[in-house]
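Report on the structure given below.
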Amino acid sequence: MIGIAAAVILIPMFKHEQARKKDGKKLKIGLFIAVVAILMLAVFLFYYLSNHDRNFTSVWPLGIVLTAAGAVFSKGAERKIKGILFLASVALGIYFLTAFIFNADEKYEGSKMDEKVEIQTFDEKETPASVPPQFARNKMKKAFGQVPNTSYYELGNLQIQKLNGDYVYIAPVEFSGFFKWWKGESTPGYFTLSATDSSANPKFIKSEMIYTPSSYFNKNIERHIRMKYPMKIFYGDVQLEIDEDGKPYYIRTYGEFISARNGFNTKGVVVVDSKSGEMKEFPLSNVPEFIDGAVSPEAVSLQNSYYGNLIHGFWNSVFGKSDVKLPSDEGTESNVSPIFDENGTMYYFTDFTSPKEGVDSMLGYSLTNSRTGKATFYTGNPEQSYMDSQGALQIIEKKFIEKKWLGQMPILYNFYGEASWLTPVLDSNGFLQNYFIVSAANPEISVYASTPNEALKQYKTALQRGKGTVDGNSKAEEKQISGTVVRVYKEKSGDFTVVSFLINNRQNFIVSSEKAPLSIYLKEGDKVTVHYLDTGEVFLPAKDLAIEALQ
């Protein structure tokens with residue numbers, strides 16, 4: 001259709017006075033057929049190779065070129081008609097090119113988030129999904145010998161998923177080139193690796209996949225999806241998802257333009273069986289249970305940009321920047337980082353910072369449900385100023401400047417009632433060295449250890465001796481108990497003393513002399529009353545300590 005329409009516009013309809021009628025007619029027919037054939041081939045190659053959506057609105061640039069050429073080649077009344085078509089196509093092009101200015105308010109309204117003050121505190125008995133993707137990828141590459149015919153393949157894109165109750169990274173095995181695909185025809189499977197245990201080893205799962213991102217022609221997964229859904233608007237790369245039986249599927253997020261082929265609103269996901277190629281689309285309200293990332297990280301990142309930049313329209317985002325907040329680019333997947341809550345639901349985390357240069361103060365952070373796209377923006381405690389993710393990474397860089405270690409994947413948690421950045425630290429080769437925790441409100445309070453839970457224990461002590469608070473976690477209950485001290489251990493830490501003690505009911509407590517100054521006099525045999533938080537840990541954090549002999 002485009003080829004025929006283009007030939008009609010390009011080829012003049014008037015007759016050459018000097019050409020014989022019969023020869024002129026034959027020439028015009030031949031030229032018409034040639035133009036149709038060339039443009040048909042060109043348009044087919046463009047859409048086939050690019051996997052672009054095949055809506056007629058996508059050809060507006062070609063329309064401007066064709067109508068301009070048609071007006072130049074024609075004469076008289078025909079030139080006027082084609083000139084009008086040219087002006088109409090230019091007007092349409094201007095409409096498409098400037099839509100981002102006029103639909104800014106609509107973008108902001110569509111990306112509006114619920115607002116809350118603070119996320120729930122973290123349960124310290126759990127282990128956060130804190131293995132950085134670069135480290136996980138390095139471990140998978142070293143385990144690539146498990147793959148049959150290794151030379152045919154390479155490791156694909158990495159992403160996180162909840163699988164049979166465990167948080168794991170998954171990465172498909174992909175073809176390493178055209179000729180490897182031609183010979184191999186299918187890939188043998190995918191890797192999994194724990195996202196919470198840095199000592200775990202990758203596992204290769206055999207599961208034949210034919211439709212993949214690294215396949216060619218109609219076996220290429222993006223092209224396979226486009227051939228079934230030529231009109232759909234997709235945003236973001238295809239992602240691998242594994243069902244509870246270990247069967248691999250590729251998914252891709254689809255939606256609609258906000259206006260004039262500009263902006264994007266997520267509507268659903270297309271799911272493809274990677275072996276049979278069978279496809280089905282699902283609206284976000286009806287996504288299969290095994291799919292964690294129905295909304296692509298690219299789409300979430302785009303919505304974050306709308307919410308942070310367009311609060312007072314387009315021009316304010318360029319000049320005044322009143323109330324503008326910029327989403328961080330420190331995320332692990334398209335500037336966002338996937339995390340899981342205590343119920344196993346995946347969210348995309350992003351912190352927002354000031355557009356002012358040299359300022360590392362966080363203006364808030366968002367959590368977007370990866371299945372529904374619903375987002376919540378957390379402003380943080382209004383009485384405190386929080387450091388953003390870039391500030392946390394800079395502290396780590398300075399801390400390990402001689403070793404040249406760097407942080408990756410900073411995530412904000414609420415540890416013991418204190419907004420805190422947990423960041424894995426990697427060496428120059430991408431191997432995990434430790435976990436670093438720093439208070440977002442009091443950056444001078446920081447610790448690091450070989451595991452997240454060990455770092456948490458040290459962090460609790462650091463908070464007690466520093467300027468932070470230990471207000472408990474989501475499951476902690478404030479309690480009070482009296483008893484006799486059986487054992488005492490005191491350790492000097494900076495300007496204060498950390499006192500650990502055991503009472504006769506076999507419970508252990510820990511308190512800083514900053515919180516309870518008289519604790520430095522505590523000795524075995526003292527009768528005490530302890531006001532503490534029942535966190536379920538071995539050493540329970542004491543909020544207050546009363547020594548009977550000193551009353």
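To be explicit about the labels: the chains of the structure tokens are called A, B, and onward in the order shown, and within each one the residues are counted from 1, while ligands get numbers from 1 in the order they are shown.
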
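Residues in contact with segment 380-386 of chain A at 9 Å, where only C-alpha atoms are counted and same-chain residues fewer than 6 positions away are skipped, are listed as Lys116, Val117, Glu118, Ile119, Asp360, Ser361, Met362, Leu363, Gly364, Tyr365, Ala419, Ser439, Ala440, Ala441, Asn442 and Pro443 of chain A.
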
Can I get the selection written as a compact mmCIF listing (two decimals), in the first residue's frame, with all heavy atoms?
```
# COMPACT_ATOMS: atom_id res chain seq x y z
N LYS A 116 3.80 8.54 50.54
CA LYS A 116 3.90 8.15 51.94
C LYS A 116 5.20 8.74 52.50
O LYS A 116 6.05 9.22 51.76
CB LYS A 116 3.89 6.63 52.08
CG LYS A 116 2.57 5.97 51.68
CD LYS A 116 2.60 4.47 51.92
CE LYS A 116 1.28 3.83 51.54
NZ LYS A 116 1.30 2.36 51.77
N VAL A 117 5.34 8.65 53.82
CA VAL A 117 6.53 9.21 54.45
C VAL A 117 7.69 8.25 54.43
O VAL A 117 8.78 8.56 53.95
CB VAL A 117 6.22 9.65 55.90
CG1 VAL A 117 7.50 10.14 56.60
CG2 VAL A 117 5.18 10.74 55.91
N GLU A 118 7.49 7.03 54.91
CA GLU A 118 8.62 6.11 55.09
C GLU A 118 8.20 4.68 54.80
O GLU A 118 7.07 4.28 55.07
CB GLU A 118 9.13 6.20 56.53
CG GLU A 118 10.53 5.67 56.76
CD GLU A 118 11.60 6.61 56.23
OE1 GLU A 118 11.96 7.57 56.91
OE2 GLU A 118 12.08 6.35 55.11
N ILE A 119 9.11 3.90 54.23
CA ILE A 119 8.84 2.49 54.02
C ILE A 119 8.86 1.75 55.35
O ILE A 119 9.43 2.21 56.33
CB ILE A 119 9.88 1.84 53.07
CG1 ILE A 119 11.30 2.04 53.60
CG2 ILE A 119 9.73 2.34 51.68
CD1 ILE A 119 12.35 1.30 52.79
N ASP A 360 23.97 16.24 46.80
CA ASP A 360 23.69 14.81 46.88
C ASP A 360 22.59 14.50 47.89
O ASP A 360 22.56 13.44 48.50
CB ASP A 360 24.96 14.01 47.20
CG ASP A 360 25.57 14.40 48.54
OD1 ASP A 360 24.98 15.24 49.22
OD2 ASP A 360 26.63 13.85 48.88
N SER A 361 21.69 15.46 48.08
CA SER A 361 20.58 15.28 49.01
C SER A 361 19.42 14.59 48.29
O SER A 361 19.03 14.99 47.20
CB SER A 361 20.12 16.64 49.55
OG SER A 361 19.01 16.49 50.40
N MET A 362 18.89 13.54 48.91
CA MET A 362 17.80 12.79 48.32
C MET A 362 16.48 13.50 48.59
O MET A 362 16.19 13.90 49.72
CB MET A 362 17.77 11.38 48.89
CG MET A 362 16.76 10.47 48.21
SD MET A 362 16.83 8.79 48.86
CE MET A 362 16.21 9.06 50.52
N LEU A 363 15.64 13.62 47.56
CA LEU A 363 14.34 14.27 47.69
C LEU A 363 13.22 13.26 47.89
O LEU A 363 12.07 13.65 48.06
CB LEU A 363 14.04 15.12 46.45
CG LEU A 363 15.05 16.23 46.14
CD1 LEU A 363 14.65 16.98 44.89
CD2 LEU A 363 15.19 17.17 47.34
N GLY A 364 13.55 11.99 47.87
CA GLY A 364 12.57 10.93 48.05
C GLY A 364 12.95 9.71 47.24
O GLY A 364 13.99 9.69 46.56
N TYR A 365 12.11 8.69 47.30
CA TYR A 365 12.40 7.46 46.55
C TYR A 365 11.09 6.78 46.21
O TYR A 365 10.06 6.97 46.88
CB TYR A 365 13.31 6.52 47.34
CG TYR A 365 12.91 6.30 48.78
CD1 TYR A 365 12.19 5.17 49.16
CD2 TYR A 365 13.24 7.22 49.76
CE1 TYR A 365 11.82 4.98 50.49
CE2 TYR A 365 12.88 7.03 51.08
CZ TYR A 365 12.16 5.91 51.44
OH TYR A 365 11.79 5.72 52.76
N ALA A 419 16.84 5.14 58.15
CA ALA A 419 16.98 5.05 56.70
C ALA A 419 18.45 4.83 56.37
O ALA A 419 19.31 5.62 56.74
CB ALA A 419 16.48 6.33 56.04
N SER A 439 24.24 5.17 57.14
CA SER A 439 23.01 5.88 57.44
C SER A 439 22.79 7.00 56.43
O SER A 439 23.70 7.77 56.12
CB SER A 439 23.08 6.47 58.85
OG SER A 439 22.02 7.37 59.08
N ALA A 440 21.56 7.09 55.91
CA ALA A 440 21.24 8.14 54.94
C ALA A 440 21.14 9.50 55.62
O ALA A 440 21.41 10.53 55.00
CB ALA A 440 19.94 7.81 54.21
N ALA A 441 20.76 9.51 56.89
CA ALA A 441 20.61 10.77 57.62
C ALA A 441 21.88 11.16 58.35
O ALA A 441 22.14 12.35 58.56
CB ALA A 441 19.45 10.66 58.62
N ASN A 442 22.69 10.18 58.75
CA ASN A 442 23.94 10.42 59.48
C ASN A 442 25.08 9.67 58.80
O ASN A 442 25.46 8.57 59.23
CB ASN A 442 23.81 9.96 60.93
CG ASN A 442 22.65 10.63 61.64
OD1 ASN A 442 22.67 11.82 61.91
ND2 ASN A 442 21.60 9.85 61.92
N PRO A 443 25.62 10.19 57.70
CA PRO A 443 26.62 9.48 56.90
C PRO A 443 27.88 9.07 57.68
O PRO A 443 28.63 8.21 57.22
CB PRO A 443 26.97 10.47 55.78
CG PRO A 443 25.79 11.37 55.69
CD PRO A 443 25.28 11.49 57.08
```

| query | Please, which residues of segment 316-411 of chain A, numbered as in this document, come out helix (DSSP H, G or I) from DSSP, as a ChimeraX atom specification? | reply | /A:316-318,389-399

Could you write out the selected residues, including C-alpha atoms, as a CSV table (one decimal), in the first residue's frame?
```csv
chain,number,residue,atom,x,y,z
A,316,ASN,CA,9.4,24.3,34.0
A,317,SER,CA,11.5,21.1,33.5
A,318,VAL,CA,13.8,23.1,31.2
A,389,SER,CA,22.5,6.9,46.3
A,390,GLN,CA,25.3,8.8,44.5
A,391,GLY,CA,26.4,10.2,47.9
A,392,ALA,CA,26.5,6.6,49.3
A,393,LEU,CA,28.7,5.4,46.4
A,394,GLN,CA,31.1,8.3,46.9
A,395,ILE,CA,31.6,7.4,50.6
A,396,ILE,CA,32.4,3.9,49.6
A,397,GLU,CA,34.9,5.1,46.9
A,398,LYS,CA,36.7,7.3,49.4
A,399,LYS,CA,36.6,4.5,52.1
```

| If you count only C-alpha atoms, which residues fall within 12 Å of Asn138 of chain A, apart from same-chain ones fewer than 6 positions away, as a ChimeraX atom specification? | /A:131-132,144,155,158,171,193,198,201-202,426,429-432

| request: Identify, on the basis of only C-alpha atoms, every residue whose closest approach to Thr266 of chain A does not exceed 12 Å; exclude the query and any residue fewer than 5 positions from it along the same chain; express the result as a ChimeraX atom specification. | output: /A:110-111,232-236,252-258,282-285,294-300,302-303,370-374

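Checking A:Thr212, A:Ser334, A:Ser500, A:Asn414 one by one against Ile520 of chain A, counting only C-alpha atoms, you find the shortest gap at A:Ser500.
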
| field | Shell of 9 Å around Glu524 of chain A, only C-alpha atoms, local chain residues under 2 positions omitted, as a VMD selection string | value | chain A and resid 484 to 488 501 503 522 526 to 527

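Those residues that approach Ala7 of chain A to within 6 Å, counting only C-alpha atoms, are Ile4, Ala5, Ile9, Leu10, Ile11, Phe32, Val35 and Val36 of chain A; same-chain residues fewer than 2 positions away are not listed.
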
| said: I need the strand (DSSP E or B) residues of segment 27-249 of chain A per DSSP on the backbone, written as a ChimeraX atom specification. | reply: /A:114-116,153-155,159-163,166-175,187-194,203-209,212,220,233-234,239-242,248-249

Closest contacts (segment 126-169 of chain A/segment 400-413 of chain A, max 10 Å, only C-alpha atoms) as a tab-separated table:
```
residue	atom	partner	partner_atom	distance
A:Pro128	CA	A:Tyr413	CA	9.4
A:Ala129	CA	A:Ile411	CA	9.9
A:Ser130	CA	A:Met409	CA	8.1
A:Val131	CA	A:Met409	CA	8.9
A:Pro132	CA	A:Met409	CA	6.3
A:Pro133	CA	A:Met409	CA	8.3
A:Gln134	CA	A:Gln408	CA	8.5
A:Phe135	CA	A:Gln408	CA	9.8
```

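With atom CA of Gly268 of chain A on one side and atom CA of Thr368 of chain A on the other, the separation reads 15.3 Å.
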
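Take atom CA of Gly76 of chain A and atom CA of Thr57 of chain A: the distance between them is 29.3 Å.
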
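Relative to atom CA of Arg54 of chain A, atom CA of Phe86 of chain A is found at 22.0 Å.
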
| task | Find the residue from A:Asn164, A:Asn262, A:Asp495, A:Lys280 that sits nearest to Asp243 of chain A; use only C-alpha atoms when measuring. | result | A:Asn164

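Considering the residues A:Tyr435, A:Phe46, A:Tyr459, A:Phe191 and counting only C-alpha atoms, Gly145 of chain A has its shortest atom-to-atom contact with A:Phe191.
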
| message | For Trp60 of chain A, find every residue with an atom within 10 Å (counting only C-alpha atoms), except residues of its own chain fewer than 2 positions away, and show them as a PyMOL selection string. | response | chain A and resi 56-58+62-66+89-90+92-93+96

Expected file: the selected residues, N, CA and C atoms, as a PDB file, in the first residue's frame:
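Generated output (result34.pdb):
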```pdb
ATOM      1  N   PHE A  56       0.199   3.186  10.367  1.00  0.00           N
ATOM      2  CA  PHE A  56       0.452   4.131   9.280  1.00  0.00           C
ATOM      3  C   PHE A  56       1.076   5.432   9.785  1.00  0.00           C
ATOM      4  N   THR A  57       0.826   5.770  11.039  1.00  0.00           N
ATOM      5  CA  THR A  57       1.416   7.002  11.580  1.00  0.00           C
ATOM      6  C   THR A  57       2.935   6.925  11.657  1.00  0.00           C
ATOM      7  N   SER A  58       3.497   5.714  11.559  1.00  0.00           N
ATOM      8  CA  SER A  58       4.952   5.570  11.666  1.00  0.00           C
ATOM      9  C   SER A  58       5.682   5.992  10.392  1.00  0.00           C
ATOM     10  N   LEU A  62       8.563   9.594   5.895  1.00  0.00           N
ATOM     11  CA  LEU A  62       8.577   9.217   4.480  1.00  0.00           C
ATOM     12  C   LEU A  62       7.542  10.037   3.708  1.00  0.00           C
ATOM     13  N   GLY A  63       6.411  10.312   4.339  1.00  0.00           N
ATOM     14  CA  GLY A  63       5.370  11.111   3.690  1.00  0.00           C
ATOM     15  C   GLY A  63       5.859  12.506   3.338  1.00  0.00           C
ATOM     16  N   ILE A  64       6.632  13.123   4.220  1.00  0.00           N
ATOM     17  CA  ILE A  64       7.166  14.467   3.940  1.00  0.00           C
ATOM     18  C   ILE A  64       8.106  14.423   2.737  1.00  0.00           C
ATOM     19  N   VAL A  65       9.000  13.435   2.702  1.00  0.00           N
ATOM     20  CA  VAL A  65       9.967  13.310   1.600  1.00  0.00           C
ATOM     21  C   VAL A  65       9.252  13.065   0.281  1.00  0.00           C
ATOM     22  N   LEU A  66       8.279  12.154   0.280  1.00  0.00           N
ATOM     23  CA  LEU A  66       7.586  11.793  -0.961  1.00  0.00           C
ATOM     24  C   LEU A  66       6.746  12.950  -1.508  1.00  0.00           C
ATOM     25  N   SER A  89       1.604  17.195   5.273  1.00  0.00           N
ATOM     26  CA  SER A  89       2.523  16.226   5.883  1.00  0.00           C
ATOM     27  C   SER A  89       3.529  16.927   6.796  1.00  0.00           C
ATOM     28  N   VAL A  90       3.941  18.150   6.430  1.00  0.00           N
ATOM     29  CA  VAL A  90       4.842  18.925   7.290  1.00  0.00           C
ATOM     30  C   VAL A  90       4.133  19.297   8.594  1.00  0.00           C
ATOM     31  N   LEU A  92       1.698  17.701   9.972  1.00  0.00           N
ATOM     32  CA  LEU A  92       1.591  16.469  10.759  1.00  0.00           C
ATOM     33  C   LEU A  92       2.916  16.148  11.441  1.00  0.00           C
ATOM     34  N   GLY A  93       4.016  16.357  10.703  1.00  0.00           N
ATOM     35  CA  GLY A  93       5.338  16.111  11.278  1.00  0.00           C
ATOM     36  C   GLY A  93       5.625  17.030  12.460  1.00  0.00           C
ATOM     37  N   PHE A  96       3.768  15.773  15.470  1.00  0.00           N
ATOM     38  CA  PHE A  96       4.440  14.635  16.101  1.00  0.00           C
ATOM     39  C   PHE A  96       5.697  15.072  16.846  1.00  0.00           C
TER      40      PHE A  96
END
```

| query | For Ile38 of chain A, which residue out of A:Leu97, A:Ile2, A:Val324, A:Val72 is the nearest one, using only C-alpha atoms? | reply | A:Ile2
